[in-house]
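Below: the structure, in structure tokens.
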Amino acid sequence: IEAIDQVHLAQRDTEVTSGHALYDLAENTIRVTGEPKWQSGLREGSAELLLLNRSNNTLFAEGEVYMKLPLTNVVDETVQQATNNFIEIYSDRFTYTEAPETNTPAGAVYEGHVRAEHPEGEIRCEILNIRFAAGDNRLERVEAEREVEIITKGNTAFGQRAVYDLAEEKIVLSGEPHWVVEDKTGRSDLLVFYPKTEELLALGHVEMSIPSTAQVQLLSPATAPDAVGTTNSAPAKGTNAPIQIYSRTFSHQGDIAVFNEQVRVVDDRGELRCNLVTIVTGASNQVQRIVAEGDVQIEQPD
């Protein structure tokens with residue numbers, strides 16, 4: 001059965017419009033072309049090709065795929081449907097499988113140059129898996145794989161796998177995660193990000209590089225005695241070498257950064273070791289205060 005021009009397909013709560021559709025009864029598939037667009041409740045999408053398989057209840061889209069899905073607030077159930085935020089997803093291909101039973105979740109897979117934009121930021125990757133809650137088909141979990149990049153308000157994190165749990169409102173990034181927070185770069189074994197509170201938590205073998213500034217005399221006093229014992233020498237000339245910080249854990253929120261357990265702070269003037277380091281930044285991201293606590297040791301070349 002071939003439908004041509006101003007095609008409109010309706011099945012339950014899903015509607016599809018396009019310029020052309022071909023229904024193969026033997027294969028039990030409907031091939032939709034001619035700028036197909038579809039809508040199901042608050043969800044909507046478009047692609048160059050749409051293939052509906054009526055035998056196994058799957059939907060496949062290919063070519064400039066676009067999807068818009070509601071992000072229902074799963075914490076505050078008093079929020080009305082009209083106030084839903086949305087996640088917009090772009091990819092090369094898309095496959096959706098309906099739940100065979102009411103107690104099993106439906107799933108969707110996006111592949112190829114995937115970009116998911118949501119109110120708190122953006123996720124880029126090669127494969128994006130989305131799981132819907134059983135029963136009400138609500139967006140519940142997002143899993144990104146391969147060359148993952150997470151962008152949130154000027155901060156960027158990279159890794160090989162990210163899991164976004166909407167119920168707990170957190171993103172867990174693994175696979176050699178590394179990040180850029182304002183002008184600081186770092187890496188760790190695991191990275192956890194909370195989009196709502198904008199808190200970042202790094203766990204295991206944390207390494208952070210902080211640009212050195214004229215205001216930061218981390219390991220050198222303002223004046224130091226020279227070789228013959230005078231005490232009014234000029235301060236050591238600063239360099240542009242960054243400050244390296246190593247620790248077991250790291251957290252960052254607002255203008256406060258905290259390094260905890262086996263902390264080492266290293267620059268070209270020496271090394272500081274302690275249990276806890278707190279860094280406070282101010283306007284223009286300038287470091288205002290550094291506090292070291294617990295078994296503090298300062299070591300300089302001499």
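Naming scheme: A, B, ... for chains in displayed order of the structure tokens; residues 1 onward per chain; ligands 1 onward as shown.
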All residues 12 Å or closer to segment 195-200 of chain A, only C-alpha atoms, same chain fewer than 5 positions away omitted, as a VMD selection string: chain A and resid 75 118 to 123 150 to 157 164 to 173 178 to 181 186 188 190 249 to 259
Could you dump the residues just selected with N, CA and C atoms as a compact mmCIF listing (two decimals), in the first residue's frame?
```txt
# COMPACT_ATOMS: atom_id res chain seq x y z
N VAL A 75 11.15 14.30 41.38
CA VAL A 75 11.36 14.56 42.81
C VAL A 75 10.13 15.24 43.40
N HIS A 118 19.90 19.72 27.42
CA HIS A 118 18.88 19.81 28.47
C HIS A 118 19.11 21.10 29.25
N PRO A 119 18.22 21.49 30.15
CA PRO A 119 18.32 22.81 30.79
C PRO A 119 19.64 23.04 31.53
N GLU A 120 20.25 21.99 32.08
CA GLU A 120 21.48 22.18 32.85
C GLU A 120 22.75 22.06 32.02
N GLY A 121 22.63 21.67 30.74
CA GLY A 121 23.85 21.54 29.95
C GLY A 121 23.65 20.67 28.73
N GLU A 122 24.75 20.05 28.29
CA GLU A 122 24.74 19.31 27.04
C GLU A 122 25.61 18.07 27.17
N ILE A 123 25.17 16.97 26.55
CA ILE A 123 25.94 15.73 26.51
C ILE A 123 26.20 15.38 25.05
N ILE A 150 30.62 16.26 28.41
CA ILE A 150 29.54 16.88 29.16
C ILE A 150 29.88 18.35 29.35
N ILE A 151 28.99 19.23 28.93
CA ILE A 151 29.21 20.68 28.99
C ILE A 151 28.14 21.29 29.89
N THR A 152 28.56 22.00 30.93
CA THR A 152 27.62 22.64 31.85
C THR A 152 28.15 24.01 32.26
N LYS A 153 27.52 25.05 31.78
CA LYS A 153 27.81 26.42 32.20
C LYS A 153 29.30 26.74 32.21
N GLY A 154 29.95 26.50 31.10
CA GLY A 154 31.35 26.84 30.98
C GLY A 154 32.31 25.76 31.43
N ASN A 155 31.83 24.72 32.08
CA ASN A 155 32.67 23.61 32.52
C ASN A 155 32.47 22.43 31.57
N THR A 156 33.57 21.70 31.30
CA THR A 156 33.51 20.58 30.36
C THR A 156 34.21 19.39 30.97
N ALA A 157 33.58 18.21 30.85
CA ALA A 157 34.17 16.96 31.34
C ALA A 157 34.16 15.94 30.21
N TYR A 164 23.37 9.21 33.58
CA TYR A 164 22.60 10.32 34.15
C TYR A 164 21.34 9.72 34.77
N ASP A 165 21.28 9.70 36.09
CA ASP A 165 20.13 9.19 36.83
C ASP A 165 19.24 10.38 37.17
N LEU A 166 18.08 10.47 36.53
CA LEU A 166 17.21 11.63 36.73
C LEU A 166 16.58 11.64 38.11
N ALA A 167 16.33 10.46 38.69
CA ALA A 167 15.73 10.41 40.02
C ALA A 167 16.68 10.99 41.07
N GLU A 168 17.96 10.65 40.98
CA GLU A 168 18.96 11.15 41.93
C GLU A 168 19.59 12.46 41.46
N GLU A 169 19.26 12.87 40.24
CA GLU A 169 19.78 14.11 39.66
C GLU A 169 21.30 14.17 39.75
N LYS A 170 21.95 13.14 39.21
CA LYS A 170 23.41 13.13 39.19
C LYS A 170 23.91 12.43 37.93
N ILE A 171 25.11 12.83 37.50
CA ILE A 171 25.78 12.23 36.36
C ILE A 171 27.08 11.61 36.85
N VAL A 172 27.30 10.32 36.56
CA VAL A 172 28.54 9.64 36.93
C VAL A 172 29.33 9.38 35.66
N LEU A 173 30.55 9.92 35.61
CA LEU A 173 31.41 9.81 34.43
C LEU A 173 32.60 8.91 34.75
N HIS A 178 38.37 13.28 32.60
CA HIS A 178 39.17 14.49 32.82
C HIS A 178 38.27 15.69 32.51
N TRP A 179 38.64 16.86 33.03
CA TRP A 179 37.71 17.97 32.96
C TRP A 179 38.44 19.31 32.92
N VAL A 180 37.68 20.33 32.53
CA VAL A 180 38.12 21.72 32.56
C VAL A 180 37.06 22.49 33.33
N VAL A 181 37.41 23.01 34.51
CA VAL A 181 36.52 23.81 35.34
C VAL A 181 37.06 25.23 35.33
N GLY A 186 41.85 18.94 35.21
CA GLY A 186 42.07 17.86 36.16
C GLY A 186 41.65 16.52 35.61
N SER A 188 40.74 12.15 37.21
CA SER A 188 40.55 11.27 38.36
C SER A 188 40.06 9.91 37.85
N LEU A 190 37.10 8.57 38.84
CA LEU A 190 35.65 8.67 38.69
C LEU A 190 35.23 10.11 38.93
N THR A 249 40.49 12.66 46.90
CA THR A 249 39.17 13.16 46.48
C THR A 249 39.23 14.66 46.27
N PHE A 250 38.27 15.16 45.52
CA PHE A 250 38.18 16.59 45.23
C PHE A 250 36.72 16.96 45.03
N SER A 251 36.30 18.10 45.59
CA SER A 251 34.95 18.60 45.37
C SER A 251 35.02 20.09 45.03
N HIS A 252 34.08 20.51 44.18
CA HIS A 252 34.04 21.91 43.76
C HIS A 252 32.60 22.35 43.65
N GLN A 253 32.29 23.47 44.29
CA GLN A 253 30.96 24.08 44.20
C GLN A 253 31.10 25.57 44.43
N GLY A 254 30.59 26.35 43.48
CA GLY A 254 30.69 27.80 43.61
C GLY A 254 32.14 28.25 43.59
N ASP A 255 32.55 28.99 44.61
CA ASP A 255 33.93 29.49 44.68
C ASP A 255 34.78 28.71 45.69
N ILE A 256 34.35 27.51 46.07
CA ILE A 256 35.07 26.70 47.04
C ILE A 256 35.52 25.39 46.39
N ALA A 257 36.80 25.07 46.50
CA ALA A 257 37.34 23.79 46.05
C ALA A 257 38.05 23.12 47.22
N VAL A 258 37.80 21.83 47.43
CA VAL A 258 38.35 21.11 48.57
C VAL A 258 39.05 19.84 48.09
N PHE A 259 40.32 19.68 48.48
CA PHE A 259 41.09 18.47 48.21
C PHE A 259 41.28 17.73 49.52
```
Surrounding residues of segment 46-52 of chain A excluding itself and chain neighbours under 5 positions, 6 Å, only C-alpha atoms, as a list of chain:residue names: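 Here the qualifying residues turn out to be A:Thr29, A:Ile30, A:Arg31, A:Val32, A:Thr33, A:Glu35, A:Pro36, A:Lys37, A:Leu59, A:Phe60, A:Ala61, A:Glu62, A:Gly63, A:Glu64, A:Val65, A:Tyr66.
Going from atom CA of Ile87 of chain A to atom CA of Ile130 of chain A covers 11.4 Å.
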From A:Ser247, A:Val142, A:Ala21, A:Pro211, residue lying nearest Arg187 of chain A [only C-alpha atoms]: A:Ser247
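For the residues A:Glu271, A:Asp5, A:Glu207, A:Glu88, ranking by smallest atom-to-atom distance to Asp189 of chain A using only C-alpha atoms places A:Glu207 first.
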Name all residues at most 9 Å from segment 293-296 of chain A (count only C-alpha atoms; drop same-chain ones fewer than 3 positions away) and give them as a CSV table (one decimal) with N, CA and C atoms, in the first residue's frame.
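In the end it all went to selection03.csv:
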```csv
chain,number,residue,atom,x,y,z
A,272,LEU,N,54.0,21.2,49.2
A,272,LEU,CA,53.3,21.2,50.4
A,272,LEU,C,52.5,19.9,50.5
A,273,ARG,N,52.6,19.2,51.7
A,273,ARG,CA,51.8,18.0,51.9
A,273,ARG,C,51.0,18.1,53.1
A,274,CYS,N,49.7,17.6,53.1
A,274,CYS,CA,48.8,17.7,54.2
A,274,CYS,C,47.6,16.8,54.0
A,275,ASN,N,46.6,16.9,54.9
A,275,ASN,CA,45.4,16.0,54.8
A,275,ASN,C,44.3,16.7,54.1
A,276,LEU,N,44.3,18.1,54.1
A,276,LEU,CA,43.1,18.8,53.5
A,276,LEU,C,43.6,20.1,53.0
A,277,VAL,N,43.2,20.5,51.8
A,277,VAL,CA,43.4,21.8,51.3
A,277,VAL,C,42.1,22.4,50.8
A,278,THR,N,41.8,23.6,51.2
A,278,THR,CA,40.6,24.4,50.8
A,278,THR,C,41.1,25.6,50.0
```
Out of segment 78-204 of chain A, which residues get strand (DSSP E or B) from DSSP, as an mmCIF file with N, CA and C atoms, in the first residue's frame?
```
data_model
loop_
_atom_site.group_PDB
_atom_site.id
_atom_site.type_symbol
_atom_site.label_atom_id
_atom_site.label_comp_id
_atom_site.auth_asym_id
_atom_site.auth_seq_id
_atom_site.Cartn_x
_atom_site.Cartn_y
_atom_site.Cartn_z
ATOM 1 N N ASN A 85 10.373 20.588 31.775
ATOM 2 C CA ASN A 85 11.507 20.914 30.940
ATOM 3 C C ASN A 85 11.640 19.811 29.895
ATOM 4 N N PHE A 86 12.458 20.066 28.885
ATOM 5 C CA PHE A 86 12.607 19.095 27.808
ATOM 6 C C PHE A 86 14.080 18.802 27.567
ATOM 7 N N ILE A 87 14.348 17.605 27.038
ATOM 8 C CA ILE A 87 15.671 17.259 26.549
ATOM 9 C C ILE A 87 15.543 17.099 25.035
ATOM 10 N N GLU A 88 16.422 17.756 24.283
ATOM 11 C CA GLU A 88 16.409 17.695 22.828
ATOM 12 C C GLU A 88 17.617 16.902 22.372
ATOM 13 N N ILE A 89 17.390 15.905 21.506
ATOM 14 C CA ILE A 89 18.448 14.983 21.106
ATOM 15 C C ILE A 89 18.592 14.999 19.586
ATOM 16 N N TYR A 90 19.850 15.110 19.137
ATOM 17 C CA TYR A 90 20.183 15.073 17.710
ATOM 18 C C TYR A 90 21.129 13.878 17.486
ATOM 19 N N SER A 91 20.920 13.136 16.389
ATOM 20 C CA SER A 91 21.791 11.992 16.096
ATOM 21 C C SER A 91 21.649 11.602 14.632
ATOM 22 N N ASP A 92 22.449 10.587 14.219
ATOM 23 C CA ASP A 92 22.349 10.062 12.850
ATOM 24 C C ASP A 92 21.272 8.989 12.742
ATOM 25 N N ARG A 93 21.138 8.178 13.825
ATOM 26 C CA ARG A 93 20.180 7.071 13.808
ATOM 27 C C ARG A 93 19.490 6.958 15.159
ATOM 28 N N PHE A 94 18.301 6.360 15.136
ATOM 29 C CA PHE A 94 17.512 6.226 16.353
ATOM 30 C C PHE A 94 16.669 4.964 16.274
ATOM 31 N N THR A 95 16.644 4.185 17.375
ATOM 32 C CA THR A 95 15.815 2.981 17.449
ATOM 33 C C THR A 95 15.034 3.006 18.752
ATOM 34 N N TYR A 96 13.730 2.797 18.644
ATOM 35 C CA TYR A 96 12.871 2.779 19.831
ATOM 36 C C TYR A 96 12.137 1.444 19.891
ATOM 37 N N THR A 97 12.180 0.807 21.052
ATOM 38 C CA THR A 97 11.506 -0.472 21.255
ATOM 39 C C THR A 97 10.463 -0.318 22.345
ATOM 40 N N GLY A 107 12.739 1.256 25.695
ATOM 41 C CA GLY A 107 14.098 1.764 25.553
ATOM 42 C C GLY A 107 14.324 2.407 24.204
ATOM 43 N N ALA A 108 15.290 3.325 24.159
ATOM 44 C CA ALA A 108 15.646 4.004 22.919
ATOM 45 C C ALA A 108 17.158 4.099 22.819
ATOM 46 N N VAL A 109 17.669 3.975 21.590
ATOM 47 C CA VAL A 109 19.113 4.057 21.352
ATOM 48 C C VAL A 109 19.356 5.069 20.241
ATOM 49 N N TYR A 110 20.227 6.047 20.517
ATOM 50 C CA TYR A 110 20.651 7.039 19.527
ATOM 51 C C TYR A 110 22.107 6.756 19.172
ATOM 52 N N GLU A 111 22.439 6.808 17.877
ATOM 53 C CA GLU A 111 23.797 6.478 17.440
ATOM 54 C C GLU A 111 24.299 7.503 16.431
ATOM 55 N N GLY A 112 25.601 7.794 16.520
ATOM 56 C CA GLY A 112 26.255 8.645 15.543
ATOM 57 C C GLY A 112 26.107 10.125 15.805
ATOM 58 N N HIS A 113 27.217 10.773 16.223
ATOM 59 C CA HIS A 113 27.240 12.216 16.447
ATOM 60 C C HIS A 113 26.065 12.681 17.332
ATOM 61 N N VAL A 114 25.920 12.005 18.454
ATOM 62 C CA VAL A 114 24.782 12.288 19.330
ATOM 63 C C VAL A 114 25.036 13.560 20.131
ATOM 64 N N ARG A 115 24.014 14.384 20.215
ATOM 65 C CA ARG A 115 24.060 15.600 21.030
ATOM 66 C C ARG A 115 22.739 15.735 21.765
ATOM 67 N N ALA A 116 22.801 15.701 23.098
ATOM 68 C CA ALA A 116 21.595 15.832 23.923
ATOM 69 C C ALA A 116 21.686 17.128 24.713
ATOM 70 N N GLU A 117 20.738 18.012 24.499
ATOM 71 C CA GLU A 117 20.721 19.305 25.173
ATOM 72 C C GLU A 117 19.578 19.329 26.190
ATOM 73 N N HIS A 118 19.896 19.720 27.423
ATOM 74 C CA HIS A 118 18.879 19.815 28.466
ATOM 75 C C HIS A 118 19.112 21.100 29.252
ATOM 76 N N GLY A 121 22.628 21.665 30.743
ATOM 77 C CA GLY A 121 23.851 21.539 29.953
ATOM 78 C C GLY A 121 23.650 20.670 28.731
ATOM 79 N N GLU A 122 24.749 20.054 28.293
ATOM 80 C CA GLU A 122 24.742 19.313 27.041
ATOM 81 C C GLU A 122 25.613 18.074 27.173
ATOM 82 N N ILE A 123 25.169 16.966 26.553
ATOM 83 C CA ILE A 123 25.938 15.727 26.510
ATOM 84 C C ILE A 123 26.199 15.381 25.051
ATOM 85 N N ARG A 124 27.465 15.093 24.723
ATOM 86 C CA ARG A 124 27.823 14.655 23.377
ATOM 87 C C ARG A 124 28.489 13.282 23.467
ATOM 88 N N CYS A 125 28.202 12.402 22.517
ATOM 89 C CA CYS A 125 28.765 11.052 22.540
ATOM 90 C C CYS A 125 28.483 10.381 21.204
ATOM 91 N N GLU A 126 28.844 9.090 21.096
ATOM 92 C CA GLU A 126 28.561 8.323 19.891
ATOM 93 C C GLU A 126 27.335 7.440 20.055
ATOM 94 N N ILE A 127 27.067 6.979 21.280
ATOM 95 C CA ILE A 127 25.902 6.132 21.544
ATOM 96 C C ILE A 127 25.203 6.644 22.799
ATOM 97 N N LEU A 128 23.894 6.808 22.707
ATOM 98 C CA LEU A 128 23.099 7.266 23.850
ATOM 99 C C LEU A 128 21.934 6.299 24.054
ATOM 100 N N ASN A 129 21.901 5.665 25.230
ATOM 101 C CA ASN A 129 20.805 4.764 25.580
ATOM 102 C C ASN A 129 19.881 5.462 26.561
ATOM 103 N N ILE A 130 18.590 5.396 26.300
ATOM 104 C CA ILE A 130 17.602 6.005 27.190
ATOM 105 C C ILE A 130 16.639 4.920 27.674
ATOM 106 N N ARG A 131 16.436 4.898 28.983
ATOM 107 C CA ARG A 131 15.499 3.944 29.559
ATOM 108 C C ARG A 131 14.310 4.699 30.137
ATOM 109 N N PHE A 132 13.130 4.179 29.856
ATOM 110 C CA PHE A 132 11.901 4.778 30.356
ATOM 111 C C PHE A 132 11.354 3.935 31.502
ATOM 112 N N LEU A 139 10.796 9.275 31.268
ATOM 113 C CA LEU A 139 12.246 9.267 31.101
ATOM 114 C C LEU A 139 12.911 9.082 32.468
ATOM 115 N N GLU A 140 13.747 8.029 32.584
ATOM 116 C CA GLU A 140 14.274 7.655 33.885
ATOM 117 C C GLU A 140 15.800 7.663 33.945
ATOM 118 N N ARG A 141 16.469 7.220 32.890
ATOM 119 C CA ARG A 141 17.913 7.037 32.946
ATOM 120 C C ARG A 141 18.505 7.254 31.555
ATOM 121 N N VAL A 142 19.637 7.957 31.504
ATOM 122 C CA VAL A 142 20.337 8.230 30.250
ATOM 123 C C VAL A 142 21.769 7.719 30.383
ATOM 124 N N GLU A 143 22.210 6.889 29.422
ATOM 125 C CA GLU A 143 23.564 6.342 29.442
ATOM 126 C C GLU A 143 24.269 6.729 28.149
ATOM 127 N N ALA A 144 25.397 7.414 28.274
ATOM 128 C CA ALA A 144 26.182 7.842 27.122
ATOM 129 C C ALA A 144 27.463 7.016 27.043
ATOM 130 N N GLU A 145 27.861 6.634 25.832
ATOM 131 C CA GLU A 145 29.055 5.815 25.642
ATOM 132 C C GLU A 145 29.892 6.346 24.486
ATOM 133 N N ARG A 146 31.207 6.150 24.608
ATOM 134 C CA ARG A 146 32.201 6.468 23.577
ATOM 135 C C ARG A 146 32.362 7.979 23.360
ATOM 136 N N GLU A 147 33.568 8.440 23.650
ATOM 137 C CA GLU A 147 33.926 9.849 23.440
ATOM 138 C C GLU A 147 32.890 10.789 24.055
ATOM 139 N N VAL A 148 32.596 10.555 25.323
ATOM 140 C CA VAL A 148 31.569 11.340 26.010
ATOM 141 C C VAL A 148 32.112 12.718 26.390
ATOM 142 N N GLU A 149 31.305 13.725 26.166
ATOM 143 C CA GLU A 149 31.648 15.104 26.535
ATOM 144 C C GLU A 149 30.423 15.730 27.208
ATOM 145 N N ILE A 150 30.618 16.255 28.413
ATOM 146 C CA ILE A 150 29.536 16.883 29.162
ATOM 147 C C ILE A 150 29.876 18.355 29.350
ATOM 148 N N ILE A 151 28.987 19.229 28.925
ATOM 149 C CA ILE A 151 29.210 20.677 28.992
ATOM 150 C C ILE A 151 28.142 21.286 29.892
ATOM 151 N N THR A 152 28.563 22.001 30.931
ATOM 152 C CA THR A 152 27.615 22.640 31.847
ATOM 153 C C THR A 152 28.148 24.005 32.262
ATOM 154 N N ASN A 155 31.830 24.717 32.080
ATOM 155 C CA ASN A 155 32.665 23.610 32.520
ATOM 156 C C ASN A 155 32.472 22.429 31.571
ATOM 157 N N THR A 156 33.566 21.705 31.295
ATOM 158 C CA THR A 156 33.512 20.585 30.364
ATOM 159 C C THR A 156 34.214 19.385 30.966
ATOM 160 N N ALA A 157 33.582 18.206 30.847
ATOM 161 C CA ALA A 157 34.173 16.963 31.335
ATOM 162 C C ALA A 157 34.160 15.938 30.211
ATOM 163 N N PHE A 158 35.194 15.079 30.183
ATOM 164 C CA PHE A 158 35.337 14.085 29.130
ATOM 165 C C PHE A 158 35.511 12.705 29.751
ATOM 166 N N GLY A 159 35.069 11.668 29.040
ATOM 167 C CA GLY A 159 35.230 10.298 29.503
ATOM 168 C C GLY A 159 34.700 9.350 28.453
ATOM 169 N N GLN A 160 34.600 8.058 28.806
ATOM 170 C CA GLN A 160 34.117 7.057 27.865
ATOM 171 C C GLN A 160 32.697 6.573 28.174
ATOM 172 N N ARG A 161 32.214 6.873 29.387
ATOM 173 C CA ARG A 161 30.866 6.438 29.752
ATOM 174 C C ARG A 161 30.294 7.379 30.799
ATOM 175 N N ALA A 162 29.033 7.754 30.615
ATOM 176 C CA ALA A 162 28.351 8.612 31.580
ATOM 177 C C ALA A 162 26.947 8.079 31.814
ATOM 178 N N VAL A 163 26.543 8.059 33.081
ATOM 179 C CA VAL A 163 25.197 7.627 33.444
ATOM 180 C C VAL A 163 24.505 8.776 34.146
ATOM 181 N N TYR A 164 23.371 9.213 33.584
ATOM 182 C CA TYR A 164 22.596 10.316 34.150
ATOM 183 C C TYR A 164 21.344 9.717 34.772
ATOM 184 N N ASP A 165 21.285 9.698 36.093
ATOM 185 C CA ASP A 165 20.128 9.192 36.832
ATOM 186 C C ASP A 165 19.236 10.382 37.175
ATOM 187 N N LYS A 170 21.946 13.144 39.210
ATOM 188 C CA LYS A 170 23.410 13.132 39.193
ATOM 189 C C LYS A 170 23.908 12.428 37.934
ATOM 190 N N ILE A 171 25.112 12.828 37.504
ATOM 191 C CA ILE A 171 25.779 12.227 36.355
ATOM 192 C C ILE A 171 27.082 11.611 36.852
ATOM 193 N N VAL A 172 27.298 10.322 36.558
ATOM 194 C CA VAL A 172 28.538 9.636 36.933
ATOM 195 C C VAL A 172 29.335 9.382 35.660
ATOM 196 N N LEU A 173 30.548 9.917 35.610
ATOM 197 C CA LEU A 173 31.413 9.810 34.431
ATOM 198 C C LEU A 173 32.595 8.911 34.750
ATOM 199 N N SER A 174 32.845 7.903 33.894
ATOM 200 C CA SER A 174 33.956 6.975 34.093
ATOM 201 C C SER A 174 34.714 6.798 32.784
ATOM 202 N N HIS A 178 38.373 13.283 32.601
ATOM 203 C CA HIS A 178 39.168 14.495 32.821
ATOM 204 C C HIS A 178 38.267 15.687 32.512
ATOM 205 N N TRP A 179 38.645 16.859 33.028
ATOM 206 C CA TRP A 179 37.715 17.974 32.959
ATOM 207 C C TRP A 179 38.442 19.312 32.918
ATOM 208 N N VAL A 180 37.679 20.331 32.532
ATOM 209 C CA VAL A 180 38.117 21.721 32.564
ATOM 210 C C VAL A 180 37.060 22.487 33.334
ATOM 211 N N VAL A 181 37.409 23.007 34.511
ATOM 212 C CA VAL A 181 36.518 23.813 35.335
ATOM 213 C C VAL A 181 37.065 25.234 35.331
ATOM 214 N N LYS A 184 40.853 25.737 35.304
ATOM 215 C CA LYS A 184 41.535 24.627 35.952
ATOM 216 C C LYS A 184 41.286 23.344 35.163
ATOM 217 N N THR A 185 42.308 22.494 35.074
ATOM 218 C CA THR A 185 42.159 21.208 34.415
ATOM 219 C C THR A 185 42.453 20.106 35.413
ATOM 220 N N GLY A 186 41.846 18.941 35.215
ATOM 221 C CA GLY A 186 42.067 17.857 36.164
ATOM 222 C C GLY A 186 41.650 16.519 35.606
ATOM 223 N N ARG A 187 41.959 15.465 36.383
ATOM 224 C CA ARG A 187 41.570 14.109 36.032
ATOM 225 C C ARG A 187 41.448 13.278 37.294
ATOM 226 N N LEU A 190 37.104 8.571 38.837
ATOM 227 C CA LEU A 190 35.650 8.668 38.693
ATOM 228 C C LEU A 190 35.234 10.113 38.934
ATOM 229 N N LEU A 191 34.220 10.557 38.201
ATOM 230 C CA LEU A 191 33.742 11.927 38.343
ATOM 231 C C LEU A 191 32.225 11.915 38.489
ATOM 232 N N VAL A 192 31.733 12.599 39.525
ATOM 233 C CA VAL A 192 30.292 12.693 39.771
ATOM 234 C C VAL A 192 29.899 14.163 39.703
ATOM 235 N N PHE A 193 28.841 14.444 38.931
ATOM 236 C CA PHE A 193 28.390 15.826 38.778
ATOM 237 C C PHE A 193 26.913 15.913 39.104
ATOM 238 N N TYR A 194 26.548 16.916 39.892
ATOM 239 C CA TYR A 194 25.157 17.160 40.257
ATOM 240 C C TYR A 194 24.692 18.426 39.541
ATOM 241 N N GLU A 199 27.504 20.950 41.701
ATOM 242 C CA GLU A 199 28.621 20.421 42.485
ATOM 243 C C GLU A 199 29.343 19.339 41.692
ATOM 244 N N LEU A 200 30.677 19.365 41.752
ATOM 245 C CA LEU A 200 31.504 18.376 41.079
ATOM 246 C C LEU A 200 32.300 17.611 42.125
ATOM 247 N N LEU A 201 32.313 16.277 42.016
ATOM 248 C CA LEU A 201 33.019 15.434 42.974
ATOM 249 C C LEU A 201 33.899 14.456 42.202
ATOM 250 N N ALA A 202 35.217 14.485 42.455
ATOM 251 C CA ALA A 202 36.176 13.583 41.813
ATOM 252 C C ALA A 202 36.707 12.599 42.844
ATOM 253 N N LEU A 203 36.816 11.333 42.444
ATOM 254 C CA LEU A 203 37.225 10.281 43.367
ATOM 255 C C LEU A 203 38.369 9.468 42.778
ATOM 256 N N GLY A 204 39.424 9.268 43.572
ATOM 257 C CA GLY A 204 40.509 8.385 43.191
ATOM 258 C C GLY A 204 41.554 9.013 42.294
#
```
Distance of atom CA of Gly41 of chain A from atom CA of Ser18 of chain A, expressed in Å to one decimal place: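 Between atom CA of Ser18 of chain A and atom CA of Gly41 of chain A the gap is 18.2 Å.
Across the structure, atom CA of Met208 of chain A and atom CA of Asp302 of chain A are spaced 25.7 Å apart.
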